[in-house]
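Colleague: Have a look at this one.
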Amino acid sequence: MLLTISYSGNPAADLGYLLHKSPFRVHSFEQVFGKAHVFYPEIAADRCTAALLLEIDPIGLVRNRRGPSGEAYALEQYVNDRPYAASSFLSVAIARTFGTAMTGRSKERQELADKPLPLEALIAVLPCRGGEDLLRRLFEPLGYQVAATRHPLDEKFPEWGESPYFTVTLKGTVRLKDLLAHLYVLIPVLDDDKHYWVGDAEVEKLLRHGEGWLREHPERELIANRYLKHQKRLAREVLSRLIGDEEPAADEAAETHAREEEAIEKPISLAEQRIGTVIATLRSSGAKRVLDLGCGEGRLLRELLKDKAFAEIVGMDVSHRALEIASQKLRLENLPTMQKDRIRLIHGSLTYRDQRLAGYDAATVVEVIEHQDPPRLAAFERVLFEFARPQTAVVTTPNVEYNVKFETLPAGKMRHKDHRFEWTRAEFHAWADTISKRFGYSVRFLPIGPEDPGSGSPTQMGIFTRQ
């Protein structure tokens, strides 16, 4: 089985310092189940590739292995994909050969180890038990561009169909330690198996290698269950320690920050103006079926429900608490049947592909993108404009230039404590123009709220129309 990691930088050979393996010789390491080799098939000024080749000893795998009843398996010991397909064997090899790199330490190049780098990982044969969709749901929320080529069961017999094996390439700007951690955890998750006993120690491994990303991952429950071989007690422990009592507290904090933002904007009734402008835009587009992505407590949904022009309305949010509040405020349980049939609330993330989002006339993303970390924003762009692909998409976001006009907002502060960024008009226009060209949309811009000659309007809106 083969894993390669490529770094495009200058000098690219610094990858050797980060991995703690010299590019100028072959490194070999004995493993219980075979031998691991690290070598560099590509060394150039602007690109360097390190390869981890794992040779599995098939006799060693069979030796002393017995089934759960004590009887040796008849064929499974001898006929399997373990020597050839990426699995927990590869994860163990990653940890043992690149252990120091996984800690993020580099004596000679610590500044590189600490920052995101343009990296590319290729796994030659990766079992994806769940298909390409699951592969993308696992890696795209982490900011990777995923390319996957599926292999047939047998090229000579195409009628046998497709296999669960893919050649996978992951590209992203990430820290090397994060890339290694993601591979270490997610390879056995995709394989949905492990070659060794899974006990309490695996809980600690998952929490350690999942630090900083697993808690917010939309598939964290699936990851925990598969990584721990579907042992419910262990998975519950991981999830409890990941979120514990923090989720209600986090939701309360988000609600508090939202109220603070409302207080800042209230003097100019900006929330009402935003909703009014979005509704008017949707009406003029002729949309009948509408998605509200990041719907929060359902303010826009309430106005959409009042207008009979919208035959189907779906609100999606990543917060269970926000959806509960939206349900209560919309009084969904008490709505007449015809009204109730028009609206639906679903739980989901904006950063992974979701088949439920396809086929709608319009999608709204109101004051949402600024809450996304830049790597996740790239995943969101594909989810909305490539996969969901509505005829019309309406995106609003704060105009940071207008912040100086809010008397209660301290200088240099953003309107909401959870905002990852707030764009100028030029930055928003540049982002929207890039999106349009990349995904085949045209875009026009509208100001929302009172306009200032120097600062513009407090909210900026982009209306994307599919060409």
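Convention: chains lettered A, B, ... in structure tokens order; per-chain residue numbering from 1; ligands numbered from 1 as shown.
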Please identify the strand (DSSP E) residues within range 209-381 of chain A (assignment by DSSP from backbone atoms) and present them as a PDB file with N, CA, C and O atoms, in the first residue's frame.
Modeller:
```pdb
ATOM      1  N   ARG A 289     -39.601  27.026  -4.934  1.00  0.00           N
ATOM      2  CA  ARG A 289     -39.017  26.136  -3.936  1.00  0.00           C
ATOM      3  C   ARG A 289     -37.729  26.768  -3.426  1.00  0.00           C
ATOM      4  O   ARG A 289     -36.789  26.977  -4.205  1.00  0.00           O
ATOM      5  N   VAL A 290     -37.667  27.055  -2.131  1.00  0.00           N
ATOM      6  CA  VAL A 290     -36.592  27.883  -1.578  1.00  0.00           C
ATOM      7  C   VAL A 290     -35.905  27.184  -0.414  1.00  0.00           C
ATOM      8  O   VAL A 290     -36.553  26.626   0.468  1.00  0.00           O
ATOM      9  N   LEU A 291     -34.564  27.248  -0.417  1.00  0.00           N
ATOM     10  CA  LEU A 291     -33.743  26.791   0.704  1.00  0.00           C
ATOM     11  C   LEU A 291     -33.244  27.995   1.482  1.00  0.00           C
ATOM     12  O   LEU A 291     -32.790  28.976   0.875  1.00  0.00           O
ATOM     13  N   ASP A 292     -33.300  27.932   2.807  1.00  0.00           N
ATOM     14  CA  ASP A 292     -32.648  28.937   3.641  1.00  0.00           C
ATOM     15  C   ASP A 292     -31.536  28.225   4.393  1.00  0.00           C
ATOM     16  O   ASP A 292     -31.785  27.484   5.343  1.00  0.00           O
ATOM     17  N   LEU A 293     -30.298  28.422   3.958  1.00  0.00           N
ATOM     18  CA  LEU A 293     -29.150  27.724   4.517  1.00  0.00           C
ATOM     19  C   LEU A 293     -28.550  28.529   5.657  1.00  0.00           C
ATOM     20  O   LEU A 293     -28.224  29.696   5.485  1.00  0.00           O
ATOM     21  N   GLU A 312     -42.663  25.564  -1.475  1.00  0.00           N
ATOM     22  CA  GLU A 312     -41.878  24.662  -0.624  1.00  0.00           C
ATOM     23  C   GLU A 312     -40.727  25.449  -0.008  1.00  0.00           C
ATOM     24  O   GLU A 312     -39.967  26.114  -0.715  1.00  0.00           O
ATOM     25  N   ILE A 313     -40.596  25.352   1.307  1.00  0.00           N
ATOM     26  CA  ILE A 313     -39.597  26.117   2.048  1.00  0.00           C
ATOM     27  C   ILE A 313     -38.834  25.152   2.954  1.00  0.00           C
ATOM     28  O   ILE A 313     -39.442  24.407   3.727  1.00  0.00           O
ATOM     29  N   VAL A 314     -37.518  25.163   2.848  1.00  0.00           N
ATOM     30  CA  VAL A 314     -36.691  24.293   3.688  1.00  0.00           C
ATOM     31  C   VAL A 314     -35.649  25.145   4.402  1.00  0.00           C
ATOM     32  O   VAL A 314     -34.923  25.917   3.766  1.00  0.00           O
ATOM     33  N   GLY A 315     -35.586  25.001   5.713  1.00  0.00           N
ATOM     34  CA  GLY A 315     -34.555  25.674   6.493  1.00  0.00           C
ATOM     35  C   GLY A 315     -33.559  24.669   7.021  1.00  0.00           C
ATOM     36  O   GLY A 315     -33.948  23.633   7.567  1.00  0.00           O
ATOM     37  N   MET A 316     -32.277  24.947   6.855  1.00  0.00           N
ATOM     38  CA  MET A 316     -31.242  24.034   7.348  1.00  0.00           C
ATOM     39  C   MET A 316     -30.269  24.778   8.246  1.00  0.00           C
ATOM     40  O   MET A 316     -29.888  25.921   7.952  1.00  0.00           O
ATOM     41  N   ASP A 317     -29.872  24.138   9.337  1.00  0.00           N
ATOM     42  CA  ASP A 317     -28.883  24.727  10.236  1.00  0.00           C
ATOM     43  C   ASP A 317     -28.079  23.614  10.880  1.00  0.00           C
ATOM     44  O   ASP A 317     -28.560  22.484  11.020  1.00  0.00           O
ATOM     45  N   ILE A 343     -43.422  23.658   4.665  1.00  0.00           N
ATOM     46  CA  ILE A 343     -42.167  24.015   5.322  1.00  0.00           C
ATOM     47  C   ILE A 343     -41.561  22.809   6.029  1.00  0.00           C
ATOM     48  O   ILE A 343     -42.265  21.942   6.543  1.00  0.00           O
ATOM     49  N   ARG A 344     -40.239  22.778   6.021  1.00  0.00           N
ATOM     50  CA  ARG A 344     -39.523  21.669   6.643  1.00  0.00           C
ATOM     51  C   ARG A 344     -38.207  22.181   7.206  1.00  0.00           C
ATOM     52  O   ARG A 344     -37.538  23.021   6.584  1.00  0.00           O
ATOM     53  N   LEU A 345     -37.819  21.693   8.369  1.00  0.00           N
ATOM     54  CA  LEU A 345     -36.530  22.019   8.979  1.00  0.00           C
ATOM     55  C   LEU A 345     -35.655  20.781   8.950  1.00  0.00           C
ATOM     56  O   LEU A 345     -36.101  19.684   9.295  1.00  0.00           O
ATOM     57  N   ILE A 346     -34.395  20.951   8.537  1.00  0.00           N
ATOM     58  CA  ILE A 346     -33.466  19.826   8.493  1.00  0.00           C
ATOM     59  C   ILE A 346     -32.150  20.217   9.154  1.00  0.00           C
ATOM     60  O   ILE A 346     -31.735  21.378   9.123  1.00  0.00           O
ATOM     61  N   HIS A 347     -31.510  19.232   9.752  1.00  0.00           N
ATOM     62  CA  HIS A 347     -30.206  19.459  10.374  1.00  0.00           C
ATOM     63  C   HIS A 347     -29.117  19.099   9.371  1.00  0.00           C
ATOM     64  O   HIS A 347     -29.182  18.062   8.705  1.00  0.00           O
ATOM     65  N   ALA A 362     -34.197  28.363  -5.562  1.00  0.00           N
ATOM     66  CA  ALA A 362     -33.389  29.431  -4.970  1.00  0.00           C
ATOM     67  C   ALA A 362     -32.859  28.984  -3.614  1.00  0.00           C
ATOM     68  O   ALA A 362     -33.458  28.160  -2.925  1.00  0.00           O
ATOM     69  N   ALA A 363     -31.712  29.546  -3.246  1.00  0.00           N
ATOM     70  CA  ALA A 363     -31.127  29.321  -1.925  1.00  0.00           C
ATOM     71  C   ALA A 363     -30.702  30.664  -1.360  1.00  0.00           C
ATOM     72  O   ALA A 363     -30.168  31.510  -2.082  1.00  0.00           O
ATOM     73  N   THR A 364     -30.972  30.862  -0.073  1.00  0.00           N
ATOM     74  CA  THR A 364     -30.543  32.082   0.604  1.00  0.00           C
ATOM     75  C   THR A 364     -29.495  31.738   1.646  1.00  0.00           C
ATOM     76  O   THR A 364     -29.587  30.716   2.334  1.00  0.00           O
ATOM     77  N   VAL A 365     -28.490  32.588   1.744  1.00  0.00           N
ATOM     78  CA  VAL A 365     -27.424  32.434   2.732  1.00  0.00           C
ATOM     79  C   VAL A 365     -27.253  33.812   3.362  1.00  0.00           C
ATOM     80  O   VAL A 365     -26.460  34.640   2.901  1.00  0.00           O
ATOM     81  N   VAL A 366     -28.027  34.069   4.402  1.00  0.00           N
ATOM     82  CA  VAL A 366     -28.143  35.412   4.967  1.00  0.00           C
ATOM     83  C   VAL A 366     -27.286  35.534   6.222  1.00  0.00           C
ATOM     84  O   VAL A 366     -27.562  34.882   7.233  1.00  0.00           O
TER      85      VAL A 366
END
```
Colleague: With a distance cut-off of 7 Å and only C-alpha atoms, select the neighbouring residues of range 382-392 of chain A, excluding the residue or stretch itself and same-chain residues fewer than 2 positions from it, and output the selection as a ChimeraX atom specification.
Modeller: /A:350-353,357-363,378-380,394,439,464-466
Colleague: Excluding Arg274 in chain A and its own-chain neighbours fewer than 2 positions away, which residues fall within 12 Å of it when counting only C-alpha atoms? Please give them as a PyMOL selection string.
Modeller: chain A and resi 265-266+268-272+276-281+299-300+303+364-367+394-398+446-450+457-461
Colleague: For Leu134 in chain A, list every protein, DNA or RNA residue within 12 Å, evaluated using only C-alpha atoms, and leave out those in the same chain fewer than 6 positions away; present the list as a list in words.
Modeller: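 Answer for this query is Pro127, Cys128, Glu140, Pro141, Val146, Ala148, Pro164, Leu186, Ile187, Val189, Leu190, Asp191, Asp192, Pro218, Glu219, Leu222, Ile223, Tyr352, Arg353, Asp354 and Gln355 of chain A.
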Colleague: Those same residues - N, CA and C atoms - I'd like them written as a compact mmCIF listing (two decimals), in the first residue's frame.
Modeller:
```
# COMPACT_ATOMS: atom_id res chain seq x y z
N PRO A 127 -9.97 1.77 0.41
CA PRO A 127 -11.35 1.28 0.47
C PRO A 127 -12.27 2.35 1.03
N CYS A 128 -13.33 2.65 0.32
CA CYS A 128 -14.31 3.64 0.77
C CYS A 128 -15.64 2.93 0.91
N GLU A 140 -13.99 16.90 2.75
CA GLU A 140 -14.28 18.25 2.28
C GLU A 140 -14.56 19.24 3.41
N PRO A 141 -15.24 18.84 4.50
CA PRO A 141 -15.41 19.80 5.60
C PRO A 141 -14.10 20.25 6.23
N VAL A 146 -11.06 17.11 -3.16
CA VAL A 146 -10.99 15.65 -3.24
C VAL A 146 -11.16 15.21 -4.69
N ALA A 148 -11.24 11.52 -6.81
CA ALA A 148 -11.29 10.08 -6.57
C ALA A 148 -11.56 9.33 -7.87
N PRO A 164 -15.19 -1.25 -4.10
CA PRO A 164 -15.20 -0.16 -3.12
C PRO A 164 -13.87 0.57 -3.03
N LEU A 186 -9.04 8.96 9.55
CA LEU A 186 -10.10 8.73 8.57
C LEU A 186 -9.85 7.54 7.64
N ILE A 187 -8.61 7.11 7.48
CA ILE A 187 -8.37 5.93 6.64
C ILE A 187 -9.08 4.70 7.22
N VAL A 189 -11.56 4.72 9.22
CA VAL A 189 -13.00 5.03 9.21
C VAL A 189 -13.59 4.67 7.85
N LEU A 190 -12.91 5.01 6.78
CA LEU A 190 -13.39 4.67 5.45
C LEU A 190 -13.36 3.16 5.22
N ASP A 191 -12.33 2.50 5.74
CA ASP A 191 -12.22 1.05 5.61
C ASP A 191 -13.26 0.35 6.48
N ASP A 192 -13.69 1.03 7.55
CA ASP A 192 -14.68 0.50 8.51
C ASP A 192 -14.19 -0.80 9.14
N PRO A 218 -19.09 17.60 10.87
CA PRO A 218 -20.50 17.20 10.77
C PRO A 218 -20.71 15.69 10.83
N GLU A 219 -19.66 14.89 10.61
CA GLU A 219 -19.78 13.44 10.66
C GLU A 219 -19.08 12.86 11.89
N LEU A 222 -20.41 9.37 13.09
CA LEU A 222 -20.01 8.28 12.21
C LEU A 222 -18.53 7.97 12.40
N ILE A 223 -17.70 9.02 12.49
CA ILE A 223 -16.26 8.82 12.67
C ILE A 223 -15.99 8.08 13.97
N TYR A 352 -20.50 20.13 3.70
CA TYR A 352 -20.36 18.85 3.03
C TYR A 352 -21.57 18.60 2.13
N ARG A 353 -21.31 17.84 1.09
CA ARG A 353 -22.32 17.60 0.06
C ARG A 353 -23.54 16.92 0.66
N ASP A 354 -24.71 17.42 0.30
CA ASP A 354 -25.95 16.90 0.86
C ASP A 354 -26.98 16.81 -0.27
N GLN A 355 -27.37 15.59 -0.60
CA GLN A 355 -28.30 15.39 -1.72
C GLN A 355 -29.65 16.04 -1.48
```
Colleague: Leaving out range 404-407 of chain A and any residue of its chain fewer than 3 positions from it, which residues lie within 9 Å of it when counting only C-alpha atoms, given as a PyMOL selection string?
Modeller: chain A and resi 264-265+400-401+410-412+452+455+458
Colleague: Grab the CA of Ala51 in chain A to CA of Leu3 in chain A distance for me, in Å with one decimal place.
Modeller: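 Rounded to one decimal, the two atoms are 5.7 Å apart.
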Colleague: Enumerate as number ranges by chain all residues of range 216-432 of chain A assigned to helix (DSSP H, G or I) by DSSP on the backbone, naming them with the chain letters and numbers the document uses.
Modeller: A: 220-227, 232-243, 246-268, 270-285, 299-306, 320-330, 332-334, 337-340, 355-357, 369-371, 374-388, 400-405, 425-432
Colleague: Atoms to include: C-alpha atoms. Write the selected residues as a compact mmCIF listing (two decimals), in the first residue's frame.
Modeller:
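For reference, selection01.txt as written:
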```txt
# COMPACT_ATOMS: atom_id res chain seq x y z
CA ARG A 220 -18.25 13.16 14.12
CA GLU A 221 -20.72 10.46 15.24
CA LEU A 222 -20.01 8.28 12.21
CA ILE A 223 -16.26 8.82 12.67
CA ALA A 224 -16.41 7.83 16.34
CA ASN A 225 -18.50 4.74 15.66
CA ARG A 226 -16.40 3.43 12.80
CA TYR A 227 -13.04 4.31 14.35
CA LYS A 232 -21.31 2.00 21.36
CA ARG A 233 -19.93 2.47 24.86
CA LEU A 234 -16.62 3.77 23.55
CA ALA A 235 -18.26 5.97 20.92
CA ARG A 236 -20.56 7.49 23.54
CA GLU A 237 -17.55 8.25 25.73
CA VAL A 238 -15.77 10.02 22.87
CA LEU A 239 -18.81 12.10 21.97
CA SER A 240 -19.47 12.92 25.61
CA ARG A 241 -15.92 14.12 26.09
CA LEU A 242 -15.95 16.01 22.81
CA ILE A 243 -19.12 17.98 23.46
CA GLU A 246 -20.38 22.46 26.15
CA GLU A 247 -22.93 22.31 23.33
CA PRO A 248 -25.73 24.00 25.27
CA ALA A 249 -23.22 26.54 26.53
CA ALA A 250 -21.95 27.11 22.98
CA ASP A 251 -25.52 27.58 21.74
CA GLU A 252 -26.21 30.02 24.56
CA ALA A 253 -23.06 31.95 23.70
CA ALA A 254 -24.07 32.07 20.03
CA GLU A 255 -27.50 33.38 21.02
CA THR A 256 -25.88 36.02 23.21
CA HIS A 257 -23.55 37.14 20.43
CA ALA A 258 -26.47 37.28 17.99
CA ARG A 259 -28.39 39.52 20.38
CA GLU A 260 -25.34 41.78 20.68
CA GLU A 261 -25.16 42.09 16.90
CA GLU A 262 -28.87 42.87 16.74
CA ALA A 263 -28.42 45.62 19.32
CA ILE A 264 -25.67 47.20 17.23
CA GLU A 265 -27.80 47.16 14.05
CA LYS A 266 -31.20 47.88 15.65
CA PRO A 267 -31.11 51.70 15.35
CA ILE A 268 -31.26 51.39 11.55
CA LEU A 270 -31.10 46.49 9.49
CA ALA A 271 -32.44 42.98 10.19
CA GLU A 272 -35.88 43.93 8.86
CA GLN A 273 -34.39 45.63 5.81
CA ARG A 274 -32.28 42.55 5.07
CA ILE A 275 -35.24 40.19 5.21
CA GLY A 276 -37.42 42.52 3.16
CA THR A 277 -34.79 42.85 0.44
CA VAL A 278 -34.16 39.10 0.30
CA ILE A 279 -37.90 38.35 0.03
CA ALA A 280 -38.31 40.91 -2.74
CA THR A 281 -35.36 39.39 -4.61
CA LEU A 282 -36.81 35.89 -4.33
CA ARG A 283 -40.20 37.09 -5.58
CA SER A 284 -38.65 38.77 -8.60
CA SER A 285 -36.70 35.59 -9.42
CA ARG A 299 -36.79 34.78 10.91
CA LEU A 300 -36.59 34.57 7.15
CA LEU A 301 -38.58 31.33 7.16
CA ARG A 302 -41.43 33.08 8.96
CA GLU A 303 -41.69 35.73 6.24
CA LEU A 304 -41.42 33.15 3.46
CA LEU A 305 -44.25 31.18 5.03
CA LYS A 306 -46.49 34.26 4.93
CA HIS A 320 -29.98 21.51 16.87
CA ARG A 321 -30.80 24.23 19.40
CA ALA A 322 -31.42 26.83 16.66
CA LEU A 323 -33.76 24.43 14.86
CA GLU A 324 -35.69 23.78 18.07
CA ILE A 325 -36.15 27.53 18.59
CA ALA A 326 -37.18 27.96 14.94
CA SER A 327 -39.75 25.20 15.31
CA GLN A 328 -41.19 26.84 18.40
CA LYS A 329 -41.28 30.34 16.91
CA LEU A 330 -42.87 29.09 13.71
CA LEU A 332 -44.87 24.14 13.38
CA GLU A 333 -46.83 21.70 15.53
CA ASN A 334 -49.91 23.93 15.45
CA THR A 337 -51.94 20.93 7.46
CA MET A 338 -51.54 22.85 4.20
CA GLN A 339 -49.14 25.31 5.82
CA LYS A 340 -47.19 22.56 7.58
CA GLN A 355 -28.30 15.39 -1.72
CA ARG A 356 -31.28 16.91 0.09
CA LEU A 357 -30.21 20.36 -1.14
CA ILE A 369 -20.53 33.01 5.29
CA GLU A 370 -18.68 35.29 7.72
CA HIS A 371 -19.06 32.58 10.37
CA PRO A 374 -11.59 30.23 5.25
CA PRO A 375 -10.79 26.52 4.61
CA ARG A 376 -14.43 25.59 5.28
CA LEU A 377 -15.62 28.47 3.11
CA ALA A 378 -14.05 26.68 0.13
CA ALA A 379 -16.08 23.56 0.94
CA PHE A 380 -19.25 25.66 1.30
CA GLU A 381 -18.71 27.16 -2.16
CA ARG A 382 -18.81 23.71 -3.75
CA VAL A 383 -21.78 22.59 -1.66
CA LEU A 384 -23.88 25.55 -2.77
CA PHE A 385 -22.72 26.38 -6.28
CA GLU A 386 -21.54 23.00 -7.59
CA PHE A 387 -23.70 20.40 -5.84
CA ALA A 388 -26.94 22.12 -4.76
CA VAL A 400 -16.80 46.06 7.33
CA GLU A 401 -16.28 49.56 5.93
CA TYR A 402 -19.59 50.62 7.47
CA ASN A 403 -18.63 49.55 11.00
CA VAL A 404 -17.27 52.98 11.81
CA LYS A 405 -20.84 54.30 11.58
CA ARG A 425 -17.01 45.83 -0.68
CA ALA A 426 -14.02 45.16 -2.93
CA GLU A 427 -13.27 41.86 -1.16
CA PHE A 428 -16.87 40.67 -1.42
CA HIS A 429 -17.06 41.63 -5.10
CA ALA A 430 -13.79 39.82 -5.84
CA TRP A 431 -15.00 36.67 -4.06
CA ALA A 432 -18.37 36.75 -5.82
```
Colleague: Tell me, as a compact mmCIF listing (two decimals) with C-alpha atoms, in the first residue's frame, which residues lie within 10 Å of His151 in chain A, counting only C-alpha atoms; anything in the same chain fewer than 6 positions away does not count.
Modeller:
```
# COMPACT_ATOMS: atom_id res chain seq x y z
CA VAL A 125 -5.81 2.13 -3.11
CA GLY A 161 -19.38 -3.86 -11.45
CA GLU A 162 -17.42 -1.37 -9.39
CA SER A 163 -15.28 -2.16 -6.37
CA PRO A 164 -15.20 -0.16 -3.12
CA TYR A 165 -11.59 0.85 -3.89
CA PHE A 166 -10.50 4.31 -5.05
CA THR A 167 -7.30 6.12 -5.87
```
Colleague: Can you write out as JSON lines which residues of range 161-192 of chain A fall within 12 Å of range 96-111 of chain A, alongside each residue's closest atom pair and its distance in Å to one decimal, counting only C-alpha atoms and ordering rows by chain and ascending residue number?
Modeller:
```
{"residue": "A:Val174", "atom": "CA", "partner": "A:Gly104", "partner_atom": "CA", "distance": 12.0}
{"residue": "A:Arg175", "atom": "CA", "partner": "A:Gly104", "partner_atom": "CA", "distance": 8.3}
{"residue": "A:Leu176", "atom": "CA", "partner": "A:Ala101", "partner_atom": "CA", "distance": 7.3}
{"residue": "A:Lys177", "atom": "CA", "partner": "A:Met102", "partner_atom": "CA", "distance": 4.5}
{"residue": "A:Asp178", "atom": "CA", "partner": "A:Met102", "partner_atom": "CA", "distance": 7.5}
{"residue": "A:Leu179", "atom": "CA", "partner": "A:Met102", "partner_atom": "CA", "distance": 8.7}
{"residue": "A:Leu180", "atom": "CA", "partner": "A:Met102", "partner_atom": "CA", "distance": 6.2}
{"residue": "A:Ala181", "atom": "CA", "partner": "A:Met102", "partner_atom": "CA", "distance": 6.7}
{"residue": "A:His182", "atom": "CA", "partner": "A:Met102", "partner_atom": "CA", "distance": 10.3}
{"residue": "A:Leu183", "atom": "CA", "partner": "A:Met102", "partner_atom": "CA", "distance": 10.8}
{"residue": "A:Tyr184", "atom": "CA", "partner": "A:Met102", "partner_atom": "CA", "distance": 9.6}
```
Colleague: Tell me, in Å to one decimal, how far CA of Pro41 in chain A is from CA of Pro23 in chain A.
Modeller: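 We find that CA of Pro41 in chain A and CA of Pro23 in chain A lie 8.9 Å from each other.
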Colleague: Which of these residues is nearest to Ile56 in chain A, using only C-alpha atoms: A:Asp193, A:Glu30, A:Glu202, A:Asp114?
Modeller: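 Counting only C-alpha atoms, the residue closest to Ile56 in chain A is A:Glu30.
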Colleague: In Å, with one decimal, what is the gap from CA of Phe421 in chain A to CA of Asp373 in chain A?
Modeller: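 Calculated distance between CA of Phe421 in chain A and CA of Asp373 in chain A is 8.2 Å.
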